Every structure is written in C-alpha cells, then in structure tokens.
file start_22.cif (mmCIF, C-alpha atoms)
data_protein
loop_
_atom_site.label_atom_id
_atom_site.label_comp_id
_atom_site.auth_asym_id
_atom_site.auth_seq_id
_atom_site.Cartn_x
_atom_site.Cartn_y
_atom_site.Cartn_z
CA MET A 1 44.93 96.74 100.37
CA ASP A 2 48.48 95.46 100.79
CA TYR A 3 50.27 92.11 101.18
CA LYS A 4 49.98 92.17 104.99
CA ASN A 5 46.22 92.61 104.79
CA SER A 6 46.05 89.57 102.51
CA GLY A 7 47.71 87.49 105.23
CA VAL A 8 51.43 87.61 104.44
CA ASP A 9 53.59 89.69 106.79
CA ILE A 10 56.89 90.49 105.09
CA GLU A 11 58.18 92.33 108.17
CA ALA A 12 57.60 89.20 110.28
CA GLY A 13 59.65 87.29 107.73
CA TYR A 14 62.54 89.72 108.11
CA ARG A 15 62.38 89.39 111.90
CA SER A 16 62.33 85.58 111.65
CA VAL A 17 65.55 85.65 109.63
CA GLU A 18 67.23 87.92 112.17
CA LEU A 19 66.23 85.63 115.04
CA MET A 20 67.48 82.56 113.15
CA LYS A 21 70.96 83.88 112.46
CA GLU A 22 72.40 83.21 115.93
CA HIS A 23 71.39 79.55 115.67
CA ILE A 24 72.59 79.13 112.10
CA ARG A 25 76.05 80.50 112.91
CA LYS A 26 76.62 77.60 115.32
CA THR A 27 76.48 75.14 112.41
CA ASN A 28 79.10 76.81 110.21
CA ARG A 29 81.82 74.71 108.65
CA PRO A 30 84.95 76.13 106.96
CA GLU A 31 83.47 75.28 103.57
CA VAL A 32 80.47 77.61 103.99
CA LEU A 33 80.77 80.67 101.76
CA GLY A 34 78.93 83.91 102.35
CA GLY A 35 76.29 84.57 104.96
CA ILE A 36 72.59 84.05 105.48
CA GLY A 37 70.26 85.93 103.15
CA GLY A 38 71.69 85.17 99.74
CA PHE A 39 69.68 83.61 96.95
CA ALA A 40 71.60 80.33 97.19
CA GLY A 41 73.61 78.64 99.89
CA ALA A 42 77.26 78.28 98.84
CA PHE A 43 79.49 75.41 99.98
CA SER A 44 83.08 74.94 98.82
CA LEU A 45 84.13 71.47 97.65
CA SER A 46 87.73 72.06 98.77
CA ALA A 47 87.35 69.58 101.63
CA ILE A 48 86.75 66.65 99.27
CA LYS A 49 89.53 67.43 96.77
CA GLY A 50 91.73 64.86 98.44
CA MET A 51 89.21 62.06 98.04
CA GLU A 52 89.97 59.39 95.47
CA ASP A 53 86.45 58.91 94.08
CA PRO A 54 83.94 61.08 95.95
CA VAL A 55 80.24 60.30 95.65
CA LEU A 56 77.58 62.82 96.62
CA LEU A 57 74.71 61.44 98.71
CA SER A 58 71.43 63.20 99.39
CA GLY A 59 68.40 62.74 101.59
CA THR A 60 65.11 64.58 102.03
CA ASP A 61 62.36 64.02 104.57
CA GLY A 62 60.09 65.65 107.10
CA CYS A 63 58.66 64.94 110.55
CA GLY A 64 55.23 63.76 109.48
CA THR A 65 52.35 64.32 111.86
CA LYS A 66 54.66 64.48 114.86
CA VAL A 67 54.39 68.25 114.43
CA LYS A 68 50.81 67.98 115.76
CA LEU A 69 52.22 67.28 119.24
CA ALA A 70 54.41 70.37 119.01
CA PHE A 71 51.30 72.44 118.24
CA ILE A 72 49.35 71.06 121.21
CA LEU A 73 52.20 71.43 123.71
CA ASN A 74 53.45 74.70 122.18
CA LYS A 75 56.98 73.28 122.16
CA HIS A 76 58.82 73.89 118.92
CA ASP A 77 62.55 73.72 119.72
CA THR A 78 63.11 69.97 119.18
CA ILE A 79 61.06 69.09 116.09
CA GLY A 80 63.85 70.48 113.91
CA ILE A 81 66.24 67.86 115.29
CA ASP A 82 63.83 65.20 114.02
CA CYS A 83 63.83 66.73 110.56
CA VAL A 84 67.63 66.76 110.34
CA ALA A 85 67.90 63.25 111.78
CA MET A 86 65.56 61.76 109.20
CA CYS A 87 67.78 63.09 106.41
CA VAL A 88 71.31 62.68 107.75
CA ASN A 89 70.72 59.19 109.17
CA ASP A 90 69.90 58.00 105.65
CA ILE A 91 73.16 59.52 104.39
CA ALA A 92 75.10 57.87 107.23
CA CYS A 93 73.47 54.55 106.27
CA SER A 94 75.35 54.67 102.99
CA GLY A 95 78.63 55.46 104.71
CA GLY A 96 78.49 59.17 104.00
CA GLU A 97 79.38 62.30 105.93
CA PRO A 98 76.65 64.97 105.88
CA LEU A 99 77.98 68.27 104.54
CA PHE A 100 75.09 70.70 104.54
CA PHE A 101 71.35 70.99 105.14
CA LEU A 102 68.47 73.21 104.03
CA ASP A 103 65.06 73.42 105.66
CA TYR A 104 61.59 74.37 104.44
CA ILE A 105 58.89 75.62 106.81
CA ALA A 106 55.35 76.16 105.53
CA CYS A 107 53.13 77.97 108.01
CA GLY A 108 49.68 79.48 108.22
CA LYS A 109 51.09 82.61 109.83
CA ASN A 110 54.66 83.67 110.48
CA TYR A 111 55.23 84.09 114.19
CA PRO A 112 58.94 85.05 114.28
CA GLU A 113 59.69 83.63 117.74
CA LYS A 114 58.04 80.32 116.84
CA ILE A 115 59.92 80.09 113.54
CA ALA A 116 63.17 80.88 115.34
CA ALA A 117 62.45 78.11 117.88
CA ILE A 118 61.90 75.62 115.06
CA VAL A 119 65.15 76.67 113.37
CA SER A 120 67.02 76.42 116.68
CA GLY A 121 66.15 72.72 116.63
CA VAL A 122 67.23 72.39 113.02
CA ALA A 123 70.54 74.03 113.92
CA GLU A 124 71.01 71.71 116.90
CA GLY A 125 70.42 68.70 114.66
CA CYS A 126 72.94 70.03 112.18
CA ARG A 127 75.44 70.59 114.99
CA GLN A 128 75.01 66.99 116.16
CA ALA A 129 75.51 65.73 112.61
CA GLY A 130 78.42 68.03 111.78
CA ALA A 131 76.48 69.54 108.87
CA ALA A 132 76.20 73.22 108.02
CA LEU A 133 72.78 74.85 107.82
CA ILE A 134 73.36 76.92 104.68
CA GLY A 135 69.86 78.01 103.75
CA GLY A 136 66.14 77.46 103.88
CA GLU A 137 62.71 78.88 103.24
CA THR A 138 59.82 80.00 105.40
CA ALA A 139 56.61 80.18 103.37
CA GLU A 140 53.49 81.82 104.75
CA HIS A 141 50.28 80.20 103.44
CA PRO A 142 47.26 82.15 104.70
CA GLY A 143 43.99 80.45 103.83
CA LEU A 144 45.77 77.19 103.01
CA MET A 145 46.95 76.29 106.52
CA PRO A 146 45.52 77.22 109.95
CA GLU A 147 47.42 80.15 111.45
CA GLU A 148 48.87 78.14 114.37
CA GLU A 149 50.11 75.24 112.26
CA TYR A 150 53.19 74.54 110.14
CA ASP A 151 54.94 71.74 108.30
CA LEU A 152 58.67 71.14 108.29
CA ALA A 153 60.84 69.34 105.75
CA GLY A 154 64.52 69.31 104.92
CA PHE A 155 67.19 68.30 102.45
CA ALA A 156 70.75 67.16 103.16
CA VAL A 157 73.80 66.53 100.99
CA GLY A 158 76.74 64.37 102.04
CA VAL A 159 79.78 62.71 100.55
CA ALA A 160 81.49 59.33 100.68
CA GLU A 161 84.44 57.61 99.07
CA ARG A 162 82.95 55.17 96.57
CA LYS A 163 85.05 52.28 97.90
CA GLU A 164 83.86 53.02 101.46
CA MET A 165 80.15 53.17 100.70
CA ILE A 166 77.92 50.81 102.68
CA THR A 167 75.81 48.87 100.18
CA GLY A 168 75.03 45.51 101.80
CA ALA A 169 76.38 43.69 98.74
CA ASP A 170 79.03 41.82 100.78
CA ILE A 171 76.67 40.49 103.46
CA VAL A 172 76.95 36.70 103.73
CA PRO A 173 75.32 34.02 105.89
CA GLY A 174 76.74 34.11 109.42
CA ASP A 175 77.29 37.85 109.64
CA VAL A 176 76.22 39.38 112.94
CA LEU A 177 73.48 41.97 113.31
CA VAL A 178 74.12 44.80 115.76
CA GLY A 179 71.27 47.06 116.85
CA ILE A 180 71.75 50.64 118.03
CA ALA A 181 69.15 51.87 120.50
CA SER A 182 66.60 54.45 119.47
CA SER A 183 65.59 57.40 121.62
CA GLY A 184 61.91 56.43 121.41
CA VAL A 185 59.27 56.54 118.71
CA HIS A 186 61.43 58.87 116.58
CA SER A 187 59.42 60.42 113.68
CA ASN A 188 57.34 57.63 112.18
CA GLY A 189 53.95 56.15 112.90
CA PHE A 190 52.47 59.22 114.56
CA SER A 191 49.20 58.89 112.67
CA LEU A 192 48.69 55.66 114.64
CA VAL A 193 50.02 57.26 117.84
CA ARG A 194 47.36 59.95 117.49
CA LYS A 195 44.69 57.23 117.25
CA ILE A 196 45.96 55.38 120.31
CA PHE A 197 46.16 58.39 122.64
CA ASP A 198 43.88 61.36 123.06
CA MET A 199 45.74 64.26 121.51
CA SER A 200 44.85 66.87 124.11
CA GLU A 201 47.05 68.89 126.43
CA LYS A 202 45.56 67.04 129.40
CA SER A 203 46.44 63.65 127.93
CA LEU A 204 49.92 64.66 126.79
CA THR A 205 50.85 66.21 130.15
CA ARG A 206 49.83 63.08 132.07
CA TYR A 207 52.75 61.52 133.95
CA TYR A 208 53.37 57.79 133.42
CA PRO A 209 55.53 56.06 136.05
CA ASP A 210 56.68 53.43 133.52
CA LEU A 211 57.91 56.20 131.21
CA GLY A 212 59.40 58.29 134.00
CA GLN A 213 57.97 61.40 132.32
CA THR A 214 54.82 62.73 130.75
CA LEU A 215 53.45 61.17 127.59
CA GLY A 216 54.12 64.33 125.61
CA GLU A 217 57.72 64.59 126.78
CA ASN A 218 58.34 61.01 125.74
CA LEU A 219 56.71 61.29 122.34
CA LEU A 220 58.46 64.58 121.52
CA THR A 221 61.90 63.13 122.33
CA PRO A 222 63.95 63.93 119.21
CA THR A 223 65.05 61.26 116.78
CA ARG A 224 68.53 59.97 117.55
CA ILE A 225 71.21 61.10 115.10
CA TYR A 226 73.60 58.25 114.25
CA VAL A 227 76.24 60.05 112.21
CA ASN A 228 78.85 59.95 114.98
CA ALA A 229 77.95 56.35 115.83
CA LEU A 230 78.75 55.21 112.28
CA ARG A 231 81.87 57.38 112.25
CA SER A 232 83.08 55.76 115.48
CA LEU A 233 82.95 52.32 113.85
CA LYS A 234 84.94 53.56 110.86
CA ASP A 235 87.52 55.14 113.17
CA ALA A 236 87.79 51.83 115.04
CA GLY A 237 88.60 50.03 111.78
CA ILE A 238 85.35 48.06 111.76
CA VAL A 239 83.85 47.40 108.34
CA VAL A 240 80.08 47.84 108.36
CA LYS A 241 78.68 45.64 105.60
CA GLY A 242 75.11 46.87 105.70
CA THR A 243 72.98 49.38 107.54
CA SER A 244 69.24 49.78 107.97
CA HIS A 245 67.71 52.99 109.33
CA ILE A 246 64.52 51.79 111.03
CA THR A 247 61.93 54.35 109.97
CA GLY A 248 58.41 54.02 108.52
CA GLY A 249 57.73 50.36 107.80
CA GLY A 250 59.60 49.25 110.91
CA PHE A 251 61.62 46.03 110.86
CA TYR A 252 59.77 44.28 108.06
CA GLU A 253 60.30 46.94 105.41
CA ASN A 254 63.64 48.47 106.36
CA ILE A 255 65.91 45.59 107.36
CA PRO A 256 65.54 43.73 104.03
CA ARG A 257 66.59 46.92 102.22
CA MET A 258 70.21 46.30 103.22
CA LEU A 259 70.21 42.61 102.28
CA PRO A 260 71.39 41.10 98.98
CA GLU A 261 69.28 38.42 97.35
CA GLY A 262 69.54 35.02 99.05
CA ILE A 263 70.12 36.41 102.56
CA THR A 264 67.71 36.35 105.50
CA ALA A 265 68.09 38.47 108.63
CA LYS A 266 67.14 36.74 111.88
CA ILE A 267 66.55 38.97 114.89
CA ARG A 268 65.89 37.81 118.44
CA LYS A 269 63.25 40.02 120.01
CA ASP A 270 64.54 39.28 123.53
CA SER A 271 68.11 40.35 122.72
CA TYR A 272 67.57 43.96 123.76
CA PRO A 273 65.16 45.93 125.98
CA VAL A 274 62.06 47.28 124.22
CA PRO A 275 61.34 50.80 125.59
CA PRO A 276 58.17 51.02 127.70
CA ILE A 277 56.48 53.50 125.31
CA PHE A 278 56.02 50.70 122.78
CA THR A 279 54.56 48.33 125.38
CA LEU A 280 52.19 51.10 126.47
CA MET A 281 51.13 51.83 122.89
CA ALA A 282 50.45 48.17 122.12
CA LYS A 283 48.38 47.81 125.28
CA GLU A 284 46.42 51.07 125.05
CA GLY A 285 45.71 50.70 121.34
CA LYS A 286 45.32 46.92 121.31
CA VAL A 287 47.87 46.87 118.51
CA GLU A 288 49.05 43.44 117.35
CA GLU A 289 52.74 42.66 117.73
CA ARG A 290 53.34 42.29 113.99
CA VAL A 291 51.78 45.70 113.38
CA MET A 292 54.07 47.24 116.01
CA TYR A 293 57.19 45.76 114.36
CA ASN A 294 55.86 46.74 110.94
CA THR A 295 55.33 50.38 111.98
CA TYR A 296 57.87 51.34 114.66
CA ASN A 297 61.57 50.96 115.45
CA MET A 298 60.68 49.10 118.68
CA GLY A 299 63.82 50.44 120.35
CA LEU A 300 66.37 49.98 117.56
CA GLY A 301 67.01 53.03 115.41
CA MET A 302 69.62 51.29 113.29
CA VAL A 303 70.59 47.69 112.55
CA LEU A 304 74.07 46.95 111.19
CA ALA A 305 75.64 43.86 109.65
CA VAL A 306 79.27 43.13 110.56
CA LYS A 307 81.67 40.20 110.45
CA PRO A 308 81.31 37.84 113.45
CA GLU A 309 84.84 38.66 114.64
CA ASP A 310 83.97 42.40 114.67
CA ALA A 311 80.68 42.18 116.58
CA ASP A 312 81.97 42.67 120.13
CA ALA A 313 84.34 45.44 119.06
CA ALA A 314 81.46 47.18 117.24
CA VAL A 315 79.29 47.14 120.36
CA ALA A 316 82.19 48.45 122.44
CA ALA A 317 82.96 51.28 119.98
CA LEU A 318 79.31 52.33 119.88
CA LYS A 319 79.07 52.35 123.66
CA GLN A 320 82.27 54.40 123.83
CA GLU A 321 80.55 56.94 121.56
CA GLY A 322 77.58 57.09 123.95
CA ASP A 323 75.13 54.83 122.14
CA GLU A 324 73.53 51.71 123.55
CA ALA A 325 74.20 48.75 121.27
CA PHE A 326 73.30 45.07 121.28
CA ILE A 327 74.03 41.93 119.31
CA VAL A 328 70.51 41.20 118.10
CA GLY A 329 70.83 38.44 115.52
CA GLU A 330 72.57 37.07 112.47
CA THR A 331 72.16 36.48 108.76
CA ALA A 332 71.45 33.17 107.07
CA ALA A 333 70.89 31.75 103.62
CA GLY A 334 67.29 32.15 102.52
CA LYS A 335 64.70 34.54 101.22
CA LYS A 336 65.49 38.27 101.33
CA GLU A 337 63.46 39.07 104.44
CA VAL A 338 63.62 39.54 108.19
CA ILE A 339 62.47 36.86 110.62
CA LEU A 340 61.76 37.80 114.22
CA LEU A 341 62.48 35.02 116.72
#
call {"tool": "encode", "arguments": {"input": "start_22.cif", "output": "structure tokens"}}
result
Amino acid sequence: MDYKNSGVDIEAGYRSVELMKEHIRKTNRPEVLGGIGGFAGAFSLSAIKGMEDPVLLSGTDGCGTKVKLAFILNKHDTIGIDCVAMCVNDIACSGGEPLFFLDYIACGKNYPEKIAAIVSGVAEGCRQAGAALIGGETAEHPGLMPEEEYDLAGFAVGVAERKEMITGADIVPGDVLVGIASSGVHSNGFSLVRKIFDMSEKSLTRYYPDLGQTLGENLLTPTRIYVNALRSLKDAGIVVKGTSHITGGGFYENIPRMLPEGITAKIRKDSYPVPPIFTLMAKEGKVEERVMYNTYNMGLGMVLAVKPEDADAAVAALKQEGDEAFIVGETAAGKKEVILL
C-alpha cells in the first residue's frame, strides 16, 4: 500500500505545478521575490515605501456553485477569472490596488491538465487586475469529493493611501449614482440558476437567439474585473465617494453598504439595459422581480456615488476604459436603503 493507492497521486501534483508555471509567470510584478514552489509567496513592499499612510486591504471569496457548469461543459479555463474578480473587485471598492493573489483548489482527483486549465484562468484574472499570482494550493481529497469535481477559492491583498480610501462617509443627498455594466450573471445566485434551468449538457448547449449564444456560454462568461475602471476614474481626477460591488444579495443588500446613515439611494430601473439572460431567468423560473434584484446584479456589476458635476465625466472616463456606464440614479435624505423606481 502507498499514498497513490489511497487516492492521492503525488506525481500528478508535481506535473500540475509544472504545467501551471507558464501561466503564473505572466502575472509577475517587480515586487515578486523567488519563484514558484517555495513554502511561502514573497512580495517586496518596496513599491509602497513612497506612500504617506499605506493601508493593506484584503479579500477572499470563491465561485460558489458556478463551478458545476464548468464540470458539465468540461470547460475550466475561465472559472479562475471569476475567483480573482470576486476578491479584487472588493479591494477596488475600497480604493485599493490589488498587489498579489493566492488560490486554493480542492479536488477529488488531481488531473494535471484540468488543474492547469483552472490556474490559467486564475492567472488571466490576475493579469487583468495587475496582481501577481504568488502562490496557492491544490489539495486532493479522495473519498471526500467526487473525482471529477473541485472547488476553487482565493485570497487577495491590496494597498491604498488612507486619505484616498473609498468609504462612503462623504455621500450626501443629491450625489449621482453611476452604474458600470456587468458581463452577465457573474458568480452569484447559481444555486437558483441551477433550479431554473436543467443542468445537463443538452440544456447548456442550447442556442438562444435572444442571448446570441448558448445558455452555457452565457452563464460561464467570467465576472467583470473593475480594477482598471476604478483606476481610470482616479486618473481622470474624479473623486468616487462610494462604491458597491453588486454580488450576492443584489441591489438590496449591497448598495446600502456604501451609504452613511440618513442617506437613501434611488435607482431608476429603466436607466440602463437589463441583459436578456435576466429576463430569460425571470420568465423561465417565474421569479418575482424583487427576488431578481435581491439576488442578481441585473446588469450592473458596480454602482458608484459621485458629485453631480463629475457624473458625465465619470461615464466618459469609464467608456474610454472600455466599460459601459450609465447614470442610474441619485441619493436623497432618508433611511439607509435602496429604492428602485
């Protein structure tokens, strides 16, 4: 009897690491010290020495049950982008720059090519965010997880100048709310998605004219990474007062998180186009409108609060960066909540 016979293949683990290395190298920043394979990822703080009052920011998250679709369609090279996005978007929300990222993959059986495909997505997400992938872990769990399945989670660290952090504390009545378009369902609410649609290869490969692609292609579209979008506003001299990353809990939970007490956010539902996937989900699942807005991003991955005089310039800067953006509402005096009009 040996470890391999018990279900853990150490040689497969070595091969996975070798296959990952080419993807990980693409994320290197000058601050990364050493190579892949050490016991700890090392990152020099030399780049932040010039900051007046640096604050470290961190975020950790996973992709939830969206990984189920990757299993069914045997497509594993984009789910890693989702994992990175869920972490770095939260850091960007606070006005931070992501510095580095680590991933954790738990699998029933280590298939090196599959693990490498997952990590290629993680590396692509890091590249989009400007973060270095400095380490991670692949854990083989025979008997605990089915051989073909895995779970993916990650952890990111970023930095911000304390005086430049986005806290929402300065939001006042009359500020304008700017929404940045999402790329689709992103990585939340997939337990409900899997109840609405039949999770079979036949169902997921069905082409929908309204979507312009198959259902599976649409649902597996990676979460949009907004790091560069927020950076473009800073570079344009626009002060973002508050930011909400629209994740689990949709509009009703996430938008109030950026508001100070005594401020209400009012959003006009007809101020931007709702992607057809959400209309299809509501129809096919007979899901009430409030539930949709309480579960999904409904086409807005981030909502920002800016001064009225900065609203048009903010939209223009975001569009220049390649993001769709819309003026979607305003703040008012009232209870700390969001009202959809």
call {"tool": "closest_residue", "arguments": {"input": "start_22.cif", "among": "A:Ala229, A:Leu220, A:Val291, A:Val274", "to": "Ile72 of chain A", "atoms": "all atoms listed in the file"}}
result
A:Leu220
call {"tool": "closest_residue", "arguments": {"input": "start_22.cif", "among": "A:Ser232, A:Ser58, A:Thr205, A:Gln128", "to": "Val315 of chain A", "atoms": "all atoms listed in the file"}}
result
A:Ser232
call {"tool": "resolve_selection", "arguments": {"input": "start_22.cif", "expression": "the PyMOL selection byres ((chain A and resi 330) around 12)", "output": "PyMOL selection string"}}
result
chain A and resi 171-179+255+259+263-268+271+303-308+311+326-329+331-333+338-341
call {"tool": "closest_residue", "arguments": {"input": "start_22.cif", "among": "A:Phe39, A:Met145, A:Ile134, A:Phe155", "to": "Gly59 of chain A", "atoms": "all atoms listed in the file"}}
result
A:Phe155
call {"tool": "resolve_selection", "arguments": {"input": "start_22.cif", "expression": "the PyMOL selection byres ((chain A and resi 223) around 10)", "output": "PyMOL selection string"}}
result
chain A and resi 63+78-86+89+125+182-188+220-222+224-226+301
call {"tool": "atom_distance", "arguments": {"input": "start_22.cif", "atom1": "atom CA of Leu280 of chain A", "atom2": "atom CA of Pro256 of chain A"}}
result
27.1 Å
call {"tool": "residues_around", "arguments": {"input": "start_22.cif", "residues": "Pro209 of chain A", "least_positions_apart": "6", "cutoff": "12 Å", "atoms": "all atoms listed in the file", "output": "JSON, numbers by chain"}}
result
{"A": [215, 218, 276, 277, 280]}
call {"tool": "write_last_selection", "arguments": {"input": "start_22.cif", "atoms": "C-alpha atoms", "output": "CSV table (one decimal), in the frame of the given file"}}
result
chain,number,residue,atom,x,y,z
A,215,LEU,CA,53.4,61.2,127.6
A,218,ASN,CA,58.3,61.0,125.7
A,276,PRO,CA,58.2,51.0,127.7
A,277,ILE,CA,56.5,53.5,125.3
A,280,LEU,CA,52.2,51.1,126.5
call {"tool": "atom_distance", "arguments": {"input": "start_22.cif", "atom1": "atom CA of Leu152 of chain A", "atom2": "atom CA of Tyr104 of chain A"}}
result
5.8 Å
call {"tool": "closest_residue", "arguments": {"input": "start_22.cif", "among": "A:Met199, A:Lys26, A:Lys163, A:Asp90", "to": "Cys126 of chain A", "atoms": "all atoms listed in the file"}}
result
A:Lys26
call {"tool": "residues_around", "arguments": {"input": "start_22.cif", "residues": "Asn294 of chain A", "least_positions_apart": "5", "cutoff": "8 Å", "atoms": "only C-alpha atoms", "output": "mmCIF file with C-alpha atoms, keeping the file's coordinate frame"}}
result
data_model
loop_
_atom_site.group_PDB
_atom_site.id
_atom_site.type_symbol
_atom_site.label_atom_id
_atom_site.label_comp_id
_atom_site.auth_asym_id
_atom_site.auth_seq_id
_atom_site.Cartn_x
_atom_site.Cartn_y
_atom_site.Cartn_z
ATOM 1 C CA GLY A 249 57.730 50.360 107.800
ATOM 2 C CA GLY A 250 59.600 49.250 110.910
ATOM 3 C CA PHE A 251 61.620 46.030 110.860
ATOM 4 C CA TYR A 252 59.770 44.280 108.060
ATOM 5 C CA GLU A 253 60.300 46.940 105.410
#
call {"tool": "atom_distance", "arguments": {"input": "start_22.cif", "atom1": "atom CA of Arg127 of chain A", "atom2": "atom CA of Glu97 of chain A"}}
result
12.9 Å
call {"tool": "residues_around", "arguments": {"input": "start_22.cif", "residues": "segment 108-112 of chain A", "least_positions_apart": "3", "cutoff": "6 Å", "atoms": "all atoms listed in the file", "output": "list in words"}}
result
Ala12, Ser16, Ile115, Glu140, His141, Pro142, Met145, Pro146, Glu147 and Glu149 of chain A
call {"tool": "write_last_selection", "arguments": {"input": "start_22.cif", "atoms": "C-alpha atoms", "output": "CSV table (one decimal), in the coordinates of the input"}}
result
chain,number,residue,atom,x,y,z
A,12,ALA,CA,57.6,89.2,110.3
A,16,SER,CA,62.3,85.6,111.6
A,115,ILE,CA,59.9,80.1,113.5
A,140,GLU,CA,53.5,81.8,104.8
A,141,HIS,CA,50.3,80.2,103.4
A,142,PRO,CA,47.3,82.2,104.7
A,145,MET,CA,47.0,76.3,106.5
A,146,PRO,CA,45.5,77.2,110.0
A,147,GLU,CA,47.4,80.2,111.4
A,149,GLU,CA,50.1,75.2,112.3
call {"tool": "residues_around", "arguments": {"input": "start_22.cif", "residues": "Pro273 of chain A", "least_positions_apart": "2", "cutoff": "10 Å", "atoms": "all atoms listed in the file", "output": "PyMOL selection string"}}
result
chain A and resi 181+269-271+275-276+298-300+326
call {"tool": "resolve_selection", "arguments": {"input": "start_22.cif", "expression": "the PyMOL selection byres ((chain A and resi 48) around 12)", "output": "list in words"}}
result
Glu31, Phe43, Ser44, Leu45, Ser46, Ala47, Lys49, Gly50, Met51, Glu52, Asp53, Pro54, Val55, Leu56, Glu97, Leu99, Gly158, Val159, Ala160 and Glu161 of chain A
